[in-house]
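Q: I have a structure I would like to understand better, so I am pasting it below and will then ask my questions one at a time.
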Amino acid sequence: MIETETKPQESLQDRFDQIQTLLRQCNKEKQQTEENGLPLTTSYTELQQKLEELHWADIADLLESLPLDDRLLLWQLVKSDRDGDILLEVSDAVRETLLADMDDHEIIAAAKDMDADELADLAPELSNDVLQELMSSLDTQERERLQSALSYEEDQVGALMDFEILSIRDDVTLETVLRYLRRFKEFPDHTDKIFVVNSEAILKGVLPIKQLLLNDPDVLVVEVMADDPVIFHPDEDAYEAAQAFERYDLISAPVVDKNGKLVGRLTIDEMVDLIREETETEMLNMAGLREEEDIFASVWRSVRNRWAWLAVNLVTAFIASRVIGLFDGTIEKLVALAALMPIVAGIGGNSGNQTITMIVRAMALDQITTANTFRLLGKEIGVSFINGVIWGSVIGLVAYYLYGSWSLGIVMMSAMTLNLLLAAFMGVLIPMTMVKCGRDPALGSSVLITAMTDSGGFFIFLGLAYLFISFGIMPVTG
């Protein structure tokens with residue numbers, strides 16, 4: 001028996017590496033040619049073939065990982081019929097660079113086959129001329145759907161709902177439904193249920209596909225449909241809808257207007273994208289970044305994105321330095337203080353960031369209410385007190401071992417405990433104050449908590465040392 005060798009399947013990363021190697025070859029050939037545009041060489045042809053083998057979502061990931069010049073070169077080699085899908089998949093920052101490289105007619109060609117909800121996602125990036133031309137090319141129904149989607153804020157359900165709906169009446173048999181479904185060449189993506197409506201399109205319930213398949217064909221829809229589905233309204237918060245999808249394990253859900261009329265549906269893919277974007281935004285905000293940033297953006301754009309909270313950080317660092325300056329004389333009398341005070345500030349900052357991360361997460365999940373705020377604050381203070389006593393004692397013993405001063409060890413333990421208590425209090429207060437002011441609770445929170453624990457830690461530690469020295473409890477070395 002002859003054994004045939006099977007070639008192992010290439011991983012996605014292997015394909016990415018091959019494409020980047022071909023990109024480098026293409027760049028070299030481009031520098032050597034005197035022709036305008038792209039020369040038809042083996043490298044370019046092979047590169048285009050590699051791209052055709054990739055899913056459009058993988059191409060989007062690849063474009064995001066490339067420097068601008070390589071990104072645009074690769075974008076030019078992507079077949080135009082895939083442009084629309086890729087534009088919807090890449091991040092906003094990368095999409096902006098791709099659209100800037102396209103002519104108006106190329107953008108229109110890429111967007112012409114998009115559904116109304118997809119066009120609504122792309123619309124903010126398009127010029128008025130392009131958007132008007134696209135709208136004029138739509139039929140009346142699609143134009144109305146696009147205008148409806150654009151009328152909602154980006155964080156509302158109406159901006160994310162899909163208009164591709166399968167609906168039936170409740171007074172027909174399952175056999176009739178099956179015959180109706182066989183007329184379609186394909187179903188809308190993520191179809192796990194059919195929406196049941198009356199003659200005025202008022203939602204009556206939903207018919208899960210599994211019920212359609214498992215029940216007798218002669219059974220009426222009304223007998224097996226679910227008449228209490230999870231529903232959403234167009235003006236509801238989209239992130240709350242995403243939480244509901246997670247809570248109830250939904251794949252799709254109906255969207256109805258104030259009269260109960262079915263106007264659209266939400267699908268799991270939109271909710272996953274929304275959760276990912278919210279998570280990324282929260283991470284950026286906690287670091288003090290104002291917006292999503294293309295990692296290969298221009299230096300000036302990155303500077304504009306990052307400067308604001310760096311300025312705040314500079315001010316807070318200056319305040320911390322002035323706190324240290326108040327105790328110059330104390331540090332001169334006991335030089336060990338200079339070596340130990342960063343420990344107090346650093347541990348306080350870490351503890352504060354732990355608290356603030358937990359609080360922001362709880363706020364995002366709507367777990368914090370007026371009734372439980374003080375209990376939560378008490379819990380965080382209790383945790384910080386115990387950690388402060390335990391780890392303050394540890395570092396106090398280390399200070400005693402290194403410098404032979406029991407009073408210095410007590411100062412370290414006391415300062416550690418007090419700074420962790422400060423960190424817990426501010427870790428709860430900062431995000432709650434942000435919410436009261438109508439701001440994102442994660443916005444610059446790590447910068448603010450670090451500022452408080454640095455300045456507070458230095459003041460507490462050096463202030464205690466000053467009192468101990470003043471009363472002759474702590475010996476001086478300077």
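Order determines the names: the first chain of the structure tokens is A, the second B, and so forth; residues in each chain are numbered 1 upward, and ligands are numbered 1 upward as they are shown.
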Give me every helix (DSSP H, G or I) residue in region 201-442 of chain A, going by DSSP on the backbone, as a ChimeraX atom specification.
A: /A:209-214,221-224,238-248,268-286,299-325,328-333,336-364,373-403,406-436
Q: I'd like to know which residues of region 13-235 of chain A are strand (DSSP E) (by DSSP, run on the backbone); could you write them as an MDAnalysis selection string?
A: chainID A and resid 167:168 193:197 203:208
Q: Within 9 Å of region 390-393 of chain A, counting only C-alpha atoms, which residues qualify if same-chain residues fewer than 3 places away don't, as a PDB file with N, CA and C atoms, in the first residue's frame?
A:
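What ended up in result35.pdb:
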ATOM      1  N   VAL A 344       6.085  53.249  48.987  1.00  0.00           N
ATOM      2  CA  VAL A 344       4.762  53.585  49.496  1.00  0.00           C
ATOM      3  C   VAL A 344       3.870  54.099  48.366  1.00  0.00           C
ATOM      4  N   PHE A 385      -7.303  48.095  54.169  1.00  0.00           N
ATOM      5  CA  PHE A 385      -6.745  48.123  55.524  1.00  0.00           C
ATOM      6  C   PHE A 385      -5.994  46.824  55.829  1.00  0.00           C
ATOM      7  N   ILE A 386      -6.622  45.693  55.500  1.00  0.00           N
ATOM      8  CA  ILE A 386      -5.961  44.410  55.769  1.00  0.00           C
ATOM      9  C   ILE A 386      -4.681  44.273  54.951  1.00  0.00           C
ATOM     10  N   ASN A 387      -4.755  44.618  53.652  1.00  0.00           N
ATOM     11  CA  ASN A 387      -3.551  44.562  52.817  1.00  0.00           C
ATOM     12  C   ASN A 387      -2.482  45.504  53.336  1.00  0.00           C
ATOM     13  N   GLY A 396       7.898  46.970  56.612  1.00  0.00           N
ATOM     14  CA  GLY A 396       8.440  47.560  57.841  1.00  0.00           C
ATOM     15  C   GLY A 396       9.562  46.718  58.416  1.00  0.00           C
ATOM     16  N   LEU A 397       9.379  45.390  58.400  1.00  0.00           N
ATOM     17  CA  LEU A 397      10.443  44.497  58.870  1.00  0.00           C
ATOM     18  C   LEU A 397      11.674  44.579  57.975  1.00  0.00           C
ATOM     19  N   VAL A 398      11.444  44.700  56.659  1.00  0.00           N
ATOM     20  CA  VAL A 398      12.570  44.844  55.728  1.00  0.00           C
ATOM     21  C   VAL A 398      13.330  46.133  56.017  1.00  0.00           C
ATOM     22  N   GLY A 409      10.575  51.337  60.616  1.00  0.00           N
ATOM     23  CA  GLY A 409       9.685  50.259  60.220  1.00  0.00           C
ATOM     24  C   GLY A 409       8.231  50.582  60.536  1.00  0.00           C
ATOM     25  N   ILE A 410       7.979  51.214  61.683  1.00  0.00           N
ATOM     26  CA  ILE A 410       6.610  51.599  62.047  1.00  0.00           C
ATOM     27  C   ILE A 410       6.087  52.668  61.093  1.00  0.00           C
ATOM     28  N   MET A 412       6.984  53.058  58.001  1.00  0.00           N
ATOM     29  CA  MET A 412       6.687  52.391  56.723  1.00  0.00           C
ATOM     30  C   MET A 412       5.342  51.669  56.779  1.00  0.00           C
ATOM     31  N   MET A 413       5.096  50.910  57.845  1.00  0.00           N
ATOM     32  CA  MET A 413       3.847  50.170  57.962  1.00  0.00           C
ATOM     33  C   MET A 413       2.647  51.125  58.023  1.00  0.00           C
ATOM     34  N   SER A 414       2.764  52.194  58.805  1.00  0.00           N
ATOM     35  CA  SER A 414       1.664  53.142  58.961  1.00  0.00           C
ATOM     36  C   SER A 414       1.385  53.872  57.651  1.00  0.00           C
ATOM     37  N   ALA A 415       2.461  54.303  56.985  1.00  0.00           N
ATOM     38  CA  ALA A 415       2.293  55.043  55.735  1.00  0.00           C
ATOM     39  C   ALA A 415       1.691  54.157  54.651  1.00  0.00           C
ATOM     40  N   MET A 416       2.126  52.880  54.605  1.00  0.00           N
ATOM     41  CA  MET A 416       1.588  51.948  53.626  1.00  0.00           C
ATOM     42  C   MET A 416       0.090  51.748  53.850  1.00  0.00           C
ATOM     43  N   THR A 417      -0.286  51.545  55.090  1.00  0.00           N
ATOM     44  CA  THR A 417      -1.695  51.318  55.412  1.00  0.00           C
ATOM     45  C   THR A 417      -2.540  52.544  55.078  1.00  0.00           C
TER      46      THR A 417
END
Q: So which one's closest to Ser167 (chain A), A:Phe374, A:Phe195, A:Phe187, A:Tyr152? Using only C-alpha atoms, please.
A: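 Of all the options, A:Phe195 lies closest to Ser167 (chain A).
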Q: For Ala116 (chain A), work out the shell of residues within 10 Å, counting only C-alpha atoms and skipping chain neighbours fewer than 4 positions away, then give it as an NGL selection string.
A: :A and (120-122 or 135 or 138 or 141-150 or 161-164)
Q: Please save N, CA and C atoms of the selected residues as a short mmCIF file (atom, residue, chain, number, x, y, z; two decimals), in the first residue's frame.
A:
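The result, stored in again-v9.cif:
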data_model
loop_
_atom_site.label_atom_id
_atom_site.label_comp_id
_atom_site.auth_asym_id
_atom_site.auth_seq_id
_atom_site.Cartn_x
_atom_site.Cartn_y
_atom_site.Cartn_z
N ALA A 120 -24.82 52.90 7.01
CA ALA A 120 -24.89 53.81 8.16
C ALA A 120 -23.60 53.77 8.96
N ASP A 121 -22.95 52.59 9.04
CA ASP A 121 -21.66 52.48 9.74
C ASP A 121 -20.58 53.26 9.01
N LEU A 122 -20.65 53.25 7.67
CA LEU A 122 -19.61 53.88 6.86
C LEU A 122 -19.86 55.38 6.65
N MET A 135 -27.04 57.72 -1.74
CA MET A 135 -28.46 57.73 -1.38
C MET A 135 -29.35 57.82 -2.62
N LEU A 138 -30.06 54.46 -4.22
CA LEU A 138 -30.86 53.49 -3.49
C LEU A 138 -32.33 53.58 -3.89
N GLN A 141 -37.22 52.25 -0.41
CA GLN A 141 -37.20 51.53 0.87
C GLN A 141 -35.81 51.59 1.52
N GLU A 142 -34.75 51.33 0.73
CA GLU A 142 -33.40 51.36 1.28
C GLU A 142 -33.01 52.76 1.72
N ARG A 143 -33.46 53.77 0.98
CA ARG A 143 -33.15 55.15 1.36
C ARG A 143 -33.80 55.50 2.69
N GLU A 144 -35.03 55.07 2.88
CA GLU A 144 -35.72 55.33 4.14
C GLU A 144 -35.04 54.60 5.29
N ARG A 145 -34.60 53.39 5.02
CA ARG A 145 -33.90 52.64 6.06
C ARG A 145 -32.58 53.32 6.44
N LEU A 146 -31.84 53.79 5.45
CA LEU A 146 -30.59 54.48 5.73
C LEU A 146 -30.82 55.75 6.53
N GLN A 147 -31.81 56.53 6.14
CA GLN A 147 -32.13 57.75 6.86
C GLN A 147 -32.56 57.44 8.29
N SER A 148 -33.28 56.33 8.46
CA SER A 148 -33.69 55.92 9.80
C SER A 148 -32.47 55.57 10.65
N ALA A 149 -31.54 54.79 10.09
CA ALA A 149 -30.34 54.39 10.84
C ALA A 149 -29.48 55.60 11.19
N LEU A 150 -29.40 56.56 10.27
CA LEU A 150 -28.57 57.76 10.51
C LEU A 150 -29.20 58.71 11.51
N MET A 161 -29.24 48.26 14.23
CA MET A 161 -30.20 47.22 13.84
C MET A 161 -30.10 46.90 12.35
N ASP A 162 -30.42 45.65 12.07
CA ASP A 162 -30.40 45.11 10.72
C ASP A 162 -31.83 45.11 10.19
N PHE A 163 -32.00 45.45 8.91
CA PHE A 163 -33.34 45.55 8.33
C PHE A 163 -33.76 44.29 7.57
N GLU A 164 -32.86 43.30 7.49
CA GLU A 164 -33.20 42.05 6.80
C GLU A 164 -33.98 41.17 7.77
#
Q: Could you build a table of the residues in region 365-415 of chain A lying no more than 9 Å from region 320-339 of chain A, giving for each the nearest pair of atoms and their separation in Å rounded to one decimal place, using only C-alpha atoms, ordered by chain and ascending residue number, as a Markdown table?
A:
| residue | atom | partner | partner_atom | distance |
| --- | --- | --- | --- | --- |
| A:Ala399 | CA | A:Ala336 | CA | 9.0 |
| A:Tyr403 | CA | A:Ala336 | CA | 7.6 |
| A:Leu408 | CA | A:Leu337 | CA | 8.7 |
Q: Sorted by chain and rising residue number, list the residues of region 333-399 of chain A at most 12 Å from region 238-241 of chain A (counting only C-alpha atoms), each with its closest atom pair and distance in Å to one decimal, as a tab-separated table.
A:
residue	atom	partner	partner_atom	distance
A:Met363	CA	A:Glu240	CA	11.7
A:Ala364	CA	A:Tyr239	CA	8.8
A:Leu365	CA	A:Glu240	CA	8.4
A:Asp366	CA	A:Glu240	CA	9.0
Q: Please provide as a PyMOL selection string all residues within 7 Å of region 43-56 of chain A, with the sequence filter that same-chain residues fewer than 5 positions apart are discarded (counting only C-alpha atoms).
A: chain A and resi 19+22+25-26+77-78+82+85-86
Q: Please indicate the distance in Å from CA of Val255 (chain A) to CA of Glu282 (chain A), rounded to one decimal place.
A: 27.0 Å
Q: Pick out the residues sitting within 10 Å of region 11-13 of chain A, and hand them over as a PyMOL selection string; count only C-alpha atoms, and ignore anything fewer than 3 positions along from it in its own chain.
A: chain A and resi 8+16-19+54+58+62
Q: Quick one: residues within 12 Å of Asp440 (chain A), only C-alpha atoms counted, chain neighbours fewer than 2 positions away excluded, as a short mmCIF file (atom, residue, chain, number, x, y, z; two decimals) with C-alpha atoms, in the first residue's frame?
A:
data_model
loop_
_atom_site.label_atom_id
_atom_site.label_comp_id
_atom_site.auth_asym_id
_atom_site.auth_seq_id
_atom_site.Cartn_x
_atom_site.Cartn_y
_atom_site.Cartn_z
CA GLU A 278 -16.42 49.35 24.26
CA THR A 281 -12.39 52.40 24.36
CA GLU A 282 -12.39 51.76 28.10
CA MET A 283 -8.76 50.62 28.00
CA LEU A 284 -7.76 53.72 26.01
CA ASN A 285 -9.68 56.04 28.32
CA MET A 286 -8.08 54.60 31.43
CA GLY A 288 -5.76 58.89 29.05
CA ARG A 290 -8.85 60.43 23.70
CA VAL A 360 -15.52 50.90 36.40
CA ARG A 361 -16.36 47.31 35.48
CA MET A 363 -20.53 50.50 36.60
CA ALA A 364 -20.45 49.10 33.07
CA ILE A 430 -12.99 59.25 41.09
CA PRO A 431 -15.21 57.15 38.75
CA MET A 432 -18.36 58.11 40.66
CA THR A 433 -17.47 61.78 40.37
CA MET A 434 -16.87 61.29 36.64
CA VAL A 435 -20.35 59.80 36.26
CA LYS A 436 -21.92 62.65 38.24
CA CYS A 437 -20.26 65.08 35.83
CA GLY A 438 -21.58 63.16 32.82
CA ALA A 442 -12.75 55.31 32.87
CA LEU A 443 -11.52 58.55 31.28
CA GLY A 444 -8.02 59.20 32.62
CA SER A 445 -8.84 57.33 35.82
#
Q: Report, in Å with one decimal, the straight-line distance from CA of Ala465 (chain A) to CA of Asn353 (chain A).
A: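 Separation of CA of Ala465 (chain A) and CA of Asn353 (chain A): 26.2 Å.
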